[in-house]
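Visitor: My questions will all concern the structure given below.
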Amino acid sequence: MPPDVAGCRPHPPGAEPRTPFVFEKKGGFGAGPQAGTGAAAPQHPGFGLYFHWPFCRSKCPYCDFNSQPASTIDQRRWGAALQAELEHFAAQTPGRRLTSLFFGGGTPSLLDPDQVAALIERARTLWDSNPGWEVTLEANPSSAEVARFHAYHAAGVTRLSLGIQALDDAALRWLGRPHDVAEGLAALEAARTIFPRVSFDLIHSRPGQTLADWREELTRALALAPDHLSLYQLTIEEGTPFARQGLAAAEEEEGRALLDLTRTLTDAAGLPAYEISNHARPGAECRHNLLYWRGGDWIGIGPGAHGRIGRRALAQVRDPQHWLTTVEAEGHATATDEILSPTDFAAERLMMGLRLAEGIDFDPTIVDLDHLALLIEAGLLERNGSHLTTTAAGWPLLDAILARLLA
């Protein structure tokens, strides 16, 4: 199975949506907040489309996603290539109805609004689109990008995901973010007047961050009355500047205390975790990411993007320039296209479904039943017939749980 991850923001479920295949943290992927009680009811997962925009103004020191700084970009050339790959996959999926579209990155709010509009419109013409479909765009809260918000909404974006990341100016500087708290809050206020749905991200478990610090920061965030929050646990990933500096992630006990506090505060505010790192008021869940976690099909467009069509697993060329020239020469830049075995497919579905508070109907033939019994006895999983759910105690340990189940 591919070892990868867009969201909402992660999106993410890097170059790929920041959700599939592993368990997300900001700056890497791992366990996140504990299970909540307000998950959306299970339903047909839908059919989605993901665009990856690999460029950003600067590379954050915690980031190991497929993104790179760029000062000048030939937007028309890139827009044409994205459309070409879009048309390539549309020919392979006739008669499908799109339920969600997601622009991830990188920093998609550096993509010109006319290019966003053209891609949305082309998607509408190539597939039928569900009435009220969700179109998400990730954005940084800089003043330059905020100036584009009206144009993005006019282009068809219905949901904005803001990378605020912290409500502390010193932390933002340490994280390498190009904005301060005032700018982030101004962007949030502007977004809420323009878009029907808005989410924002915060990163916790930063070195030196105490329970009191996180309580104050998260309480302030919840006082903004958000409908959706993505709350990521910082990890230090190999190859990032933070790793080269020798920084270490939070100790397990410290991280667990932060996660417990996160659950307590978000539950009390009416934003329970419906997935490991995502919290929402009922009905405000990110529909595109739910598609990943519930096992829906999606097309991934752009450098390093991953897709799923049934058991068919696809990944695009990762390097942006190689991707661009390959698409221009061949009409697409698919690096891998394989059919997952029934066992691998069922295991991947289990990995994704156990991220959700609602759990998953699972295939008992793919798991170690002795380990399953021990995990249930330990209070980490709950089973009701063929339905399996991760408990509040088990969610932070999901990586280890899956290693046991799929041993």
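Every chain in the structure tokens has a letter given in the order shown (A, B, ...), and although residue numbers restart at 1 in each chain, ligands are simply numbered from 1 in the order shown.
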Please identify every residue of range 128-156 of chain A that has at least one atom no farther than 9 Å from an atom of range 169-179 of chain A, counting only C-alpha atoms, and for each give the shortest atom pair and the distance in Å to one decimal, arranged by chain then increasing number, as a Markdown table.
Guide:
| residue | atom | partner | partner_atom | distance |
| --- | --- | --- | --- | --- |
| A:Asn140 | CA | A:His179 | CA | 8.3 |
| A:Pro141 | CA | A:His179 | CA | 6.8 |
| A:Ser142 | CA | A:His179 | CA | 5.9 |
| A:Ser143 | CA | A:His179 | CA | 8.7 |
Visitor: Which residues, written as a VMD selection string, have at least one atom at most 8 Å from Trp127 in chain A, with only C-alpha atoms counted and residues fewer than 2 positions away on the same chain left out?
Guide: chain A and resid 90 94 to 98 123 to 125 129
Visitor: May I have the selected residues written with N, CA and C atoms, as an mmCIF file, in the first residue's frame?
Guide:
data_model
loop_
_atom_site.group_PDB
_atom_site.id
_atom_site.type_symbol
_atom_site.label_atom_id
_atom_site.label_comp_id
_atom_site.auth_asym_id
_atom_site.auth_seq_id
_atom_site.Cartn_x
_atom_site.Cartn_y
_atom_site.Cartn_z
ATOM 1 N N ALA A 90 -10.956 12.242 -16.567
ATOM 2 C CA ALA A 90 -12.396 12.289 -16.831
ATOM 3 C C ALA A 90 -12.785 11.242 -17.860
ATOM 4 N N PRO A 94 -16.322 8.034 -16.777
ATOM 5 C CA PRO A 94 -17.555 8.626 -17.306
ATOM 6 C C PRO A 94 -18.752 8.317 -16.417
ATOM 7 N N GLY A 95 -19.685 9.242 -16.386
ATOM 8 C CA GLY A 95 -20.936 9.020 -15.674
ATOM 9 C C GLY A 95 -20.880 9.206 -14.176
ATOM 10 N N ARG A 96 -19.724 9.607 -13.619
ATOM 11 C CA ARG A 96 -19.635 9.831 -12.174
ATOM 12 C C ARG A 96 -20.171 11.208 -11.814
ATOM 13 N N ARG A 97 -20.617 11.345 -10.590
ATOM 14 C CA ARG A 97 -21.118 12.638 -10.100
ATOM 15 C C ARG A 97 -20.194 13.130 -9.002
ATOM 16 N N LEU A 98 -19.596 14.314 -9.192
ATOM 17 C CA LEU A 98 -18.692 14.895 -8.209
ATOM 18 C C LEU A 98 -19.469 15.397 -7.003
ATOM 19 N N ALA A 123 -14.194 21.059 -14.464
ATOM 20 C CA ALA A 123 -14.655 19.880 -13.733
ATOM 21 C C ALA A 123 -16.168 19.728 -13.852
ATOM 22 N N ARG A 124 -16.883 20.825 -13.773
ATOM 23 C CA ARG A 124 -18.348 20.792 -13.899
ATOM 24 C C ARG A 124 -18.775 20.264 -15.261
ATOM 25 N N THR A 125 -18.018 20.602 -16.309
ATOM 26 C CA THR A 125 -18.412 20.172 -17.653
ATOM 27 C C THR A 125 -18.008 18.725 -17.930
ATOM 28 N N SER A 129 -22.075 17.450 -11.379
ATOM 29 C CA SER A 129 -21.719 17.827 -10.004
ATOM 30 C C SER A 129 -22.955 17.812 -9.136
#
Visitor: Please give the complete set of residues from range 179-359 of chain A that DSSP, run on the backbone, assigns to strand (DSSP E or B), formatted as a ChimeraX atom specification.
Guide: /A:197-204,228-233,273-275,278-280,297-301,306-309,312-316,334-339,356
Visitor: So that I can check the surroundings of range 261-265 of chain A, please list as a PyMOL selection string every protein, DNA and RNA residue that reaches within 9 Å of it, counting only C-alpha atoms and ignoring chain neighbours fewer than 3 positions away.
Guide: chain A and resi 33-36+211+214-215+218-219+222+231+256-258+268-273
Visitor: Emit the selected residues as a PDB file, in the first residue's frame, including N, CA and C atoms.
Guide:
ATOM      1  N   PRO A  33      -6.172  14.044  18.204  1.00  0.00           N
ATOM      2  CA  PRO A  33      -7.123  14.117  19.296  1.00  0.00           C
ATOM      3  C   PRO A  33      -7.965  12.861  19.430  1.00  0.00           C
ATOM      4  N   GLN A  34      -8.471  12.659  20.612  1.00  0.00           N
ATOM      5  CA  GLN A  34      -9.222  11.450  20.896  1.00  0.00           C
ATOM      6  C   GLN A  34     -10.614  11.506  20.290  1.00  0.00           C
ATOM      7  N   ALA A  35     -11.244  10.343  20.286  1.00  0.00           N
ATOM      8  CA  ALA A  35     -12.559  10.222  19.672  1.00  0.00           C
ATOM      9  C   ALA A  35     -13.580  11.100  20.368  1.00  0.00           C
ATOM     10  N   GLY A  36     -14.472  11.649  19.567  1.00  0.00           N
ATOM     11  CA  GLY A  36     -15.553  12.475  20.093  1.00  0.00           C
ATOM     12  C   GLY A  36     -16.881  11.762  19.925  1.00  0.00           C
ATOM     13  N   LEU A 211       0.328  22.758  29.371  1.00  0.00           N
ATOM     14  CA  LEU A 211      -1.125  22.583  29.358  1.00  0.00           C
ATOM     15  C   LEU A 211      -1.841  23.912  29.508  1.00  0.00           C
ATOM     16  N   TRP A 214      -1.747  25.778  26.165  1.00  0.00           N
ATOM     17  CA  TRP A 214      -2.666  25.247  25.169  1.00  0.00           C
ATOM     18  C   TRP A 214      -4.120  25.486  25.576  1.00  0.00           C
ATOM     19  N   ARG A 215      -4.413  25.413  26.868  1.00  0.00           N
ATOM     20  CA  ARG A 215      -5.771  25.722  27.321  1.00  0.00           C
ATOM     21  C   ARG A 215      -6.142  27.153  26.932  1.00  0.00           C
ATOM     22  N   LEU A 218      -6.398  27.343  22.897  1.00  0.00           N
ATOM     23  CA  LEU A 218      -7.568  26.675  22.354  1.00  0.00           C
ATOM     24  C   LEU A 218      -8.861  27.332  22.829  1.00  0.00           C
ATOM     25  N   THR A 219      -8.893  27.794  24.077  1.00  0.00           N
ATOM     26  CA  THR A 219     -10.070  28.514  24.568  1.00  0.00           C
ATOM     27  C   THR A 219     -10.303  29.771  23.734  1.00  0.00           C
ATOM     28  N   LEU A 222     -11.762  28.658  20.387  1.00  0.00           N
ATOM     29  CA  LEU A 222     -13.162  28.253  20.495  1.00  0.00           C
ATOM     30  C   LEU A 222     -14.087  29.439  20.728  1.00  0.00           C
ATOM     31  N   LEU A 231      -6.892  20.406  14.414  1.00  0.00           N
ATOM     32  CA  LEU A 231      -5.951  20.581  15.521  1.00  0.00           C
ATOM     33  C   LEU A 231      -4.893  19.491  15.419  1.00  0.00           C
ATOM     34  N   ARG A 256      -0.177  13.153  25.411  1.00  0.00           N
ATOM     35  CA  ARG A 256      -1.486  12.599  25.783  1.00  0.00           C
ATOM     36  C   ARG A 256      -2.271  13.588  26.639  1.00  0.00           C
ATOM     37  N   ALA A 257      -1.600  14.276  27.542  1.00  0.00           N
ATOM     38  CA  ALA A 257      -2.287  15.264  28.370  1.00  0.00           C
ATOM     39  C   ALA A 257      -2.864  16.394  27.518  1.00  0.00           C
ATOM     40  N   LEU A 258      -2.096  16.824  26.515  1.00  0.00           N
ATOM     41  CA  LEU A 258      -2.590  17.868  25.608  1.00  0.00           C
ATOM     42  C   LEU A 258      -3.795  17.374  24.820  1.00  0.00           C
ATOM     43  N   ALA A 268     -16.896  20.305  25.121  1.00  0.00           N
ATOM     44  CA  ALA A 268     -17.702  21.281  25.864  1.00  0.00           C
ATOM     45  C   ALA A 268     -18.189  22.409  24.963  1.00  0.00           C
ATOM     46  N   ALA A 269     -17.418  22.724  23.925  1.00  0.00           N
ATOM     47  CA  ALA A 269     -17.781  23.804  23.012  1.00  0.00           C
ATOM     48  C   ALA A 269     -18.690  23.348  21.881  1.00  0.00           C
ATOM     49  N   GLY A 270     -19.015  22.054  21.842  1.00  0.00           N
ATOM     50  CA  GLY A 270     -19.892  21.552  20.790  1.00  0.00           C
ATOM     51  C   GLY A 270     -19.185  21.244  19.489  1.00  0.00           C
ATOM     52  N   LEU A 271     -17.839  21.056  19.542  1.00  0.00           N
ATOM     53  CA  LEU A 271     -17.057  20.691  18.365  1.00  0.00           C
ATOM     54  C   LEU A 271     -16.292  19.399  18.655  1.00  0.00           C
ATOM     55  N   PRO A 272     -16.988  18.288  18.808  1.00  0.00           N
ATOM     56  CA  PRO A 272     -16.285  17.041  19.107  1.00  0.00           C
ATOM     57  C   PRO A 272     -15.425  16.598  17.928  1.00  0.00           C
ATOM     58  N   ALA A 273     -14.443  15.777  18.200  1.00  0.00           N
ATOM     59  CA  ALA A 273     -13.630  15.207  17.131  1.00  0.00           C
ATOM     60  C   ALA A 273     -14.465  14.188  16.376  1.00  0.00           C
TER      61      ALA A 273
END
Visitor: Please list as a PyMOL selection string every residue within 7 Å of Ala407 in chain A, counting only C-alpha atoms and excluding residues in the same chain fewer than 3 positions away.
Guide: chain A and resi 368+403-404
Visitor: Just the helix (DSSP H, G or I) stuff from range 252-303 of chain A, please, per backbone DSSP, written as an mmCIF file with N, CA and C atoms, in the first residue's frame.
Guide:
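Saved to selection.cif:
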data_model
loop_
_atom_site.group_PDB
_atom_site.id
_atom_site.type_symbol
_atom_site.label_atom_id
_atom_site.label_comp_id
_atom_site.auth_asym_id
_atom_site.auth_seq_id
_atom_site.Cartn_x
_atom_site.Cartn_y
_atom_site.Cartn_z
ATOM 1 N N GLU A 252 5.468 11.256 25.132
ATOM 2 C CA GLU A 252 4.159 10.618 25.007
ATOM 3 C C GLU A 252 3.186 11.070 26.093
ATOM 4 N N GLU A 253 3.649 11.113 27.331
ATOM 5 C CA GLU A 253 2.758 11.501 28.436
ATOM 6 C C GLU A 253 2.297 12.946 28.283
ATOM 7 N N GLU A 254 3.222 13.808 27.896
ATOM 8 C CA GLU A 254 2.885 15.215 27.701
ATOM 9 C C GLU A 254 1.898 15.371 26.542
ATOM 10 N N GLY A 255 2.174 14.664 25.441
ATOM 11 C CA GLY A 255 1.272 14.732 24.302
ATOM 12 C C GLY A 255 -0.115 14.227 24.639
ATOM 13 N N ARG A 256 -0.177 13.153 25.411
ATOM 14 C CA ARG A 256 -1.486 12.599 25.783
ATOM 15 C C ARG A 256 -2.271 13.588 26.639
ATOM 16 N N ALA A 257 -1.600 14.276 27.542
ATOM 17 C CA ALA A 257 -2.287 15.264 28.370
ATOM 18 C C ALA A 257 -2.864 16.394 27.518
ATOM 19 N N LEU A 258 -2.096 16.824 26.515
ATOM 20 C CA LEU A 258 -2.590 17.868 25.608
ATOM 21 C C LEU A 258 -3.795 17.374 24.820
ATOM 22 N N LEU A 259 -3.754 16.111 24.400
ATOM 23 C CA LEU A 259 -4.872 15.550 23.655
ATOM 24 C C LEU A 259 -6.110 15.414 24.540
ATOM 25 N N ASP A 260 -5.930 14.997 25.776
ATOM 26 C CA ASP A 260 -7.059 14.905 26.704
ATOM 27 C C ASP A 260 -7.706 16.269 26.908
ATOM 28 N N LEU A 261 -6.866 17.286 27.083
ATOM 29 C CA LEU A 261 -7.387 18.633 27.259
ATOM 30 C C LEU A 261 -8.116 19.103 25.996
ATOM 31 N N THR A 262 -7.561 18.774 24.847
ATOM 32 C CA THR A 262 -8.194 19.143 23.578
ATOM 33 C C THR A 262 -9.597 18.569 23.493
ATOM 34 N N ARG A 263 -9.721 17.311 23.832
ATOM 35 C CA ARG A 263 -11.034 16.673 23.765
ATOM 36 C C ARG A 263 -12.017 17.312 24.753
ATOM 37 N N THR A 264 -11.557 17.563 25.965
ATOM 38 C CA THR A 264 -12.434 18.147 26.979
ATOM 39 C C THR A 264 -12.976 19.498 26.525
ATOM 40 N N LEU A 265 -12.095 20.343 26.022
ATOM 41 C CA LEU A 265 -12.508 21.697 25.634
ATOM 42 C C LEU A 265 -13.379 21.691 24.384
ATOM 43 N N THR A 266 -13.022 20.886 23.387
ATOM 44 C CA THR A 266 -13.813 20.893 22.151
ATOM 45 C C THR A 266 -15.176 20.234 22.359
ATOM 46 N N ASP A 267 -15.229 19.179 23.153
ATOM 47 C CA ASP A 267 -16.525 18.578 23.453
ATOM 48 C C ASP A 267 -17.437 19.585 24.147
ATOM 49 N N ALA A 268 -16.896 20.305 25.121
ATOM 50 C CA ALA A 268 -17.702 21.281 25.864
ATOM 51 C C ALA A 268 -18.189 22.409 24.963
ATOM 52 N N ARG A 287 -16.595 17.453 4.018
ATOM 53 C CA ARG A 287 -17.156 16.355 3.229
ATOM 54 C C ARG A 287 -16.087 15.681 2.380
ATOM 55 N N HIS A 288 -15.126 16.455 1.902
ATOM 56 C CA HIS A 288 -14.105 15.871 1.042
ATOM 57 C C HIS A 288 -13.227 14.893 1.823
ATOM 58 N N ASN A 289 -12.819 15.263 3.006
ATOM 59 C CA ASN A 289 -12.005 14.343 3.788
ATOM 60 C C ASN A 289 -12.806 13.138 4.268
ATOM 61 N N LEU A 290 -14.095 13.322 4.545
ATOM 62 C CA LEU A 290 -14.928 12.175 4.894
ATOM 63 C C LEU A 290 -14.952 11.166 3.754
ATOM 64 N N LEU A 291 -14.890 11.664 2.538
ATOM 65 C CA LEU A 291 -14.833 10.780 1.379
ATOM 66 C C LEU A 291 -13.633 9.845 1.466
ATOM 67 N N TYR A 292 -12.464 10.398 1.817
ATOM 68 C CA TYR A 292 -11.280 9.544 1.966
ATOM 69 C C TYR A 292 -11.487 8.508 3.055
ATOM 70 N N TRP A 293 -11.910 8.965 4.213
ATOM 71 C CA TRP A 293 -11.980 8.101 5.384
ATOM 72 C C TRP A 293 -13.066 7.036 5.254
#
Visitor: Do a neighbour search on Leu381 in chain A at 10 Å with only C-alpha atoms, toss out local chain neighbours closer than 2 positions, and write the hits as a ChimeraX atom specification.
Guide: /A:354,359,372-379,383,388-395,398,401
Visitor: Measuring between only C-alpha atoms, which one of A:Ile236, A:Ile276, A:Ala190, A:Leu247 shows the shortest distance to Glu358 in chain A?
Guide: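 Ranked by minimum distance to Glu358 in chain A, first place goes to A:Ile276.
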Visitor: List the neighbours of Ala249 in chain A out to 10 Å using only C-alpha atoms; skip same-chain residues closer than 5 positions along the sequence, and give me the result as JSON, numbers by chain.
Guide: {"A": [205, 206, 207, 233, 234, 235, 236, 237, 242, 243, 254, 255]}
Visitor: May I have the selected residues written with C-alpha atoms, as an mmCIF file, in the first residue's frame?
Guide:
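Wrote it out as result.cif, contents follow:
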data_model
loop_
_atom_site.group_PDB
_atom_site.id
_atom_site.type_symbol
_atom_site.label_atom_id
_atom_site.label_comp_id
_atom_site.auth_asym_id
_atom_site.auth_seq_id
_atom_site.Cartn_x
_atom_site.Cartn_y
_atom_site.Cartn_z
ATOM 1 C CA SER A 205 2.487 20.023 21.253
ATOM 2 C CA ARG A 206 5.098 22.622 20.366
ATOM 3 C CA PRO A 207 8.327 22.426 22.395
ATOM 4 C CA GLN A 233 0.005 17.493 16.904
ATOM 5 C CA LEU A 234 3.472 18.629 15.871
ATOM 6 C CA THR A 235 5.983 15.947 15.012
ATOM 7 C CA ILE A 236 9.544 16.370 13.878
ATOM 8 C CA GLU A 237 9.955 14.672 10.516
ATOM 9 C CA PHE A 242 13.426 21.188 12.680
ATOM 10 C CA ALA A 243 14.891 17.688 12.463
ATOM 11 C CA GLU A 254 2.885 15.215 27.701
ATOM 12 C CA GLY A 255 1.272 14.732 24.302
#
Visitor: Nearest to Gln83 in chain A among A:Tyr152, A:Phe51, A:Tyr232, A:Trp298, with distances taken over only C-alpha atoms: which residue is it?
Guide: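 Closest residue, counting only C-alpha atoms: A:Phe51.
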Visitor: Restricting the calculation to only C-alpha atoms, which member of A:Ala151, A:Ala223, A:Cys286, A:Glu216 is positioned closest to Thr136 in chain A?
Guide: A:Cys286
Visitor: Using only C-alpha atoms, can you tell me which of A:Phe195, A:Phe200, A:Phe47, A:Trp78 comes closest to Ala280 in chain A?
Guide: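 Smallest separation from Ala280 in chain A among the options: A:Phe200.
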Visitor: I need the residue nearest Arg294 in chain A from this list: A:Glu138, A:Pro45, A:Ser161, A:His322. Use only C-alpha atoms for the distance.
Guide: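 Residue with the minimum atom-to-atom distance to Arg294 in chain A: A:Pro45.
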Visitor: I want to know what sits within 12 Å of Phe345 in chain A, based on only C-alpha atoms, with residues of the same chain fewer than 2 positions away left out; could you give that as a CSV table (one decimal) with C-alpha atoms, in the first residue's frame?
Guide:
chain,number,residue,atom,x,y,z
A,1,MET,CA,0.0,0.0,0.0
A,2,PRO,CA,1.3,3.5,-0.7
A,21,PHE,CA,-2.8,6.2,4.3
A,295,GLY,CA,-13.5,4.7,1.3
A,308,ARG,CA,-8.4,5.8,-5.8
A,309,ILE,CA,-10.8,4.4,-8.3
A,310,GLY,CA,-12.2,1.2,-6.7
A,311,ARG,CA,-9.1,-0.9,-5.9
A,312,ARG,CA,-7.1,1.0,-8.4
A,313,ALA,CA,-4.4,3.1,-6.7
A,338,GLU,CA,-1.8,-0.6,-9.6
A,339,ILE,CA,-4.6,-2.8,-8.5
A,340,LEU,CA,-4.6,-3.4,-4.8
A,341,SER,CA,-5.2,-7.0,-3.7
A,342,PRO,CA,-8.5,-7.6,-1.9
A,343,THR,CA,-6.5,-8.0,1.4
A,347,ALA,CA,-6.6,-3.3,5.3
A,348,GLU,CA,-6.4,0.2,3.9
A,349,ARG,CA,-10.2,0.7,4.5
A,350,LEU,CA,-9.7,-0.4,8.1
A,351,MET,CA,-6.8,2.0,8.5
A,352,MET,CA,-8.9,4.8,7.2
A,362,PHE,CA,-14.6,-4.4,8.8
A,363,ASP,CA,-13.5,-7.7,7.3
A,366,ILE,CA,-7.8,-9.5,7.6
Visitor: Mind pulling up the distance from CA of Gly331 in chain A to CA of Arg57 in chain A?
Guide: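 For CA of Arg57 in chain A relative to CA of Gly331 in chain A, the distance reads 27.9 Å.
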Visitor: Would you please work out which residue, of A:Asp227, A:Asp201, A:Glu330, A:Asp128, is nearest to Gly48 in chain A when using only C-alpha atoms?
Guide: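 Closest to Gly48 in chain A, using only C-alpha atoms: A:Asp128.
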Visitor: Could you tell me how far CA of Val135 in chain A sits from CA of Ala81 in chain A, in Å to one decimal place?
Guide: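 Taking CA of Ala81 in chain A as the start and CA of Val135 in chain A as the end point, the length is 20.2 Å.
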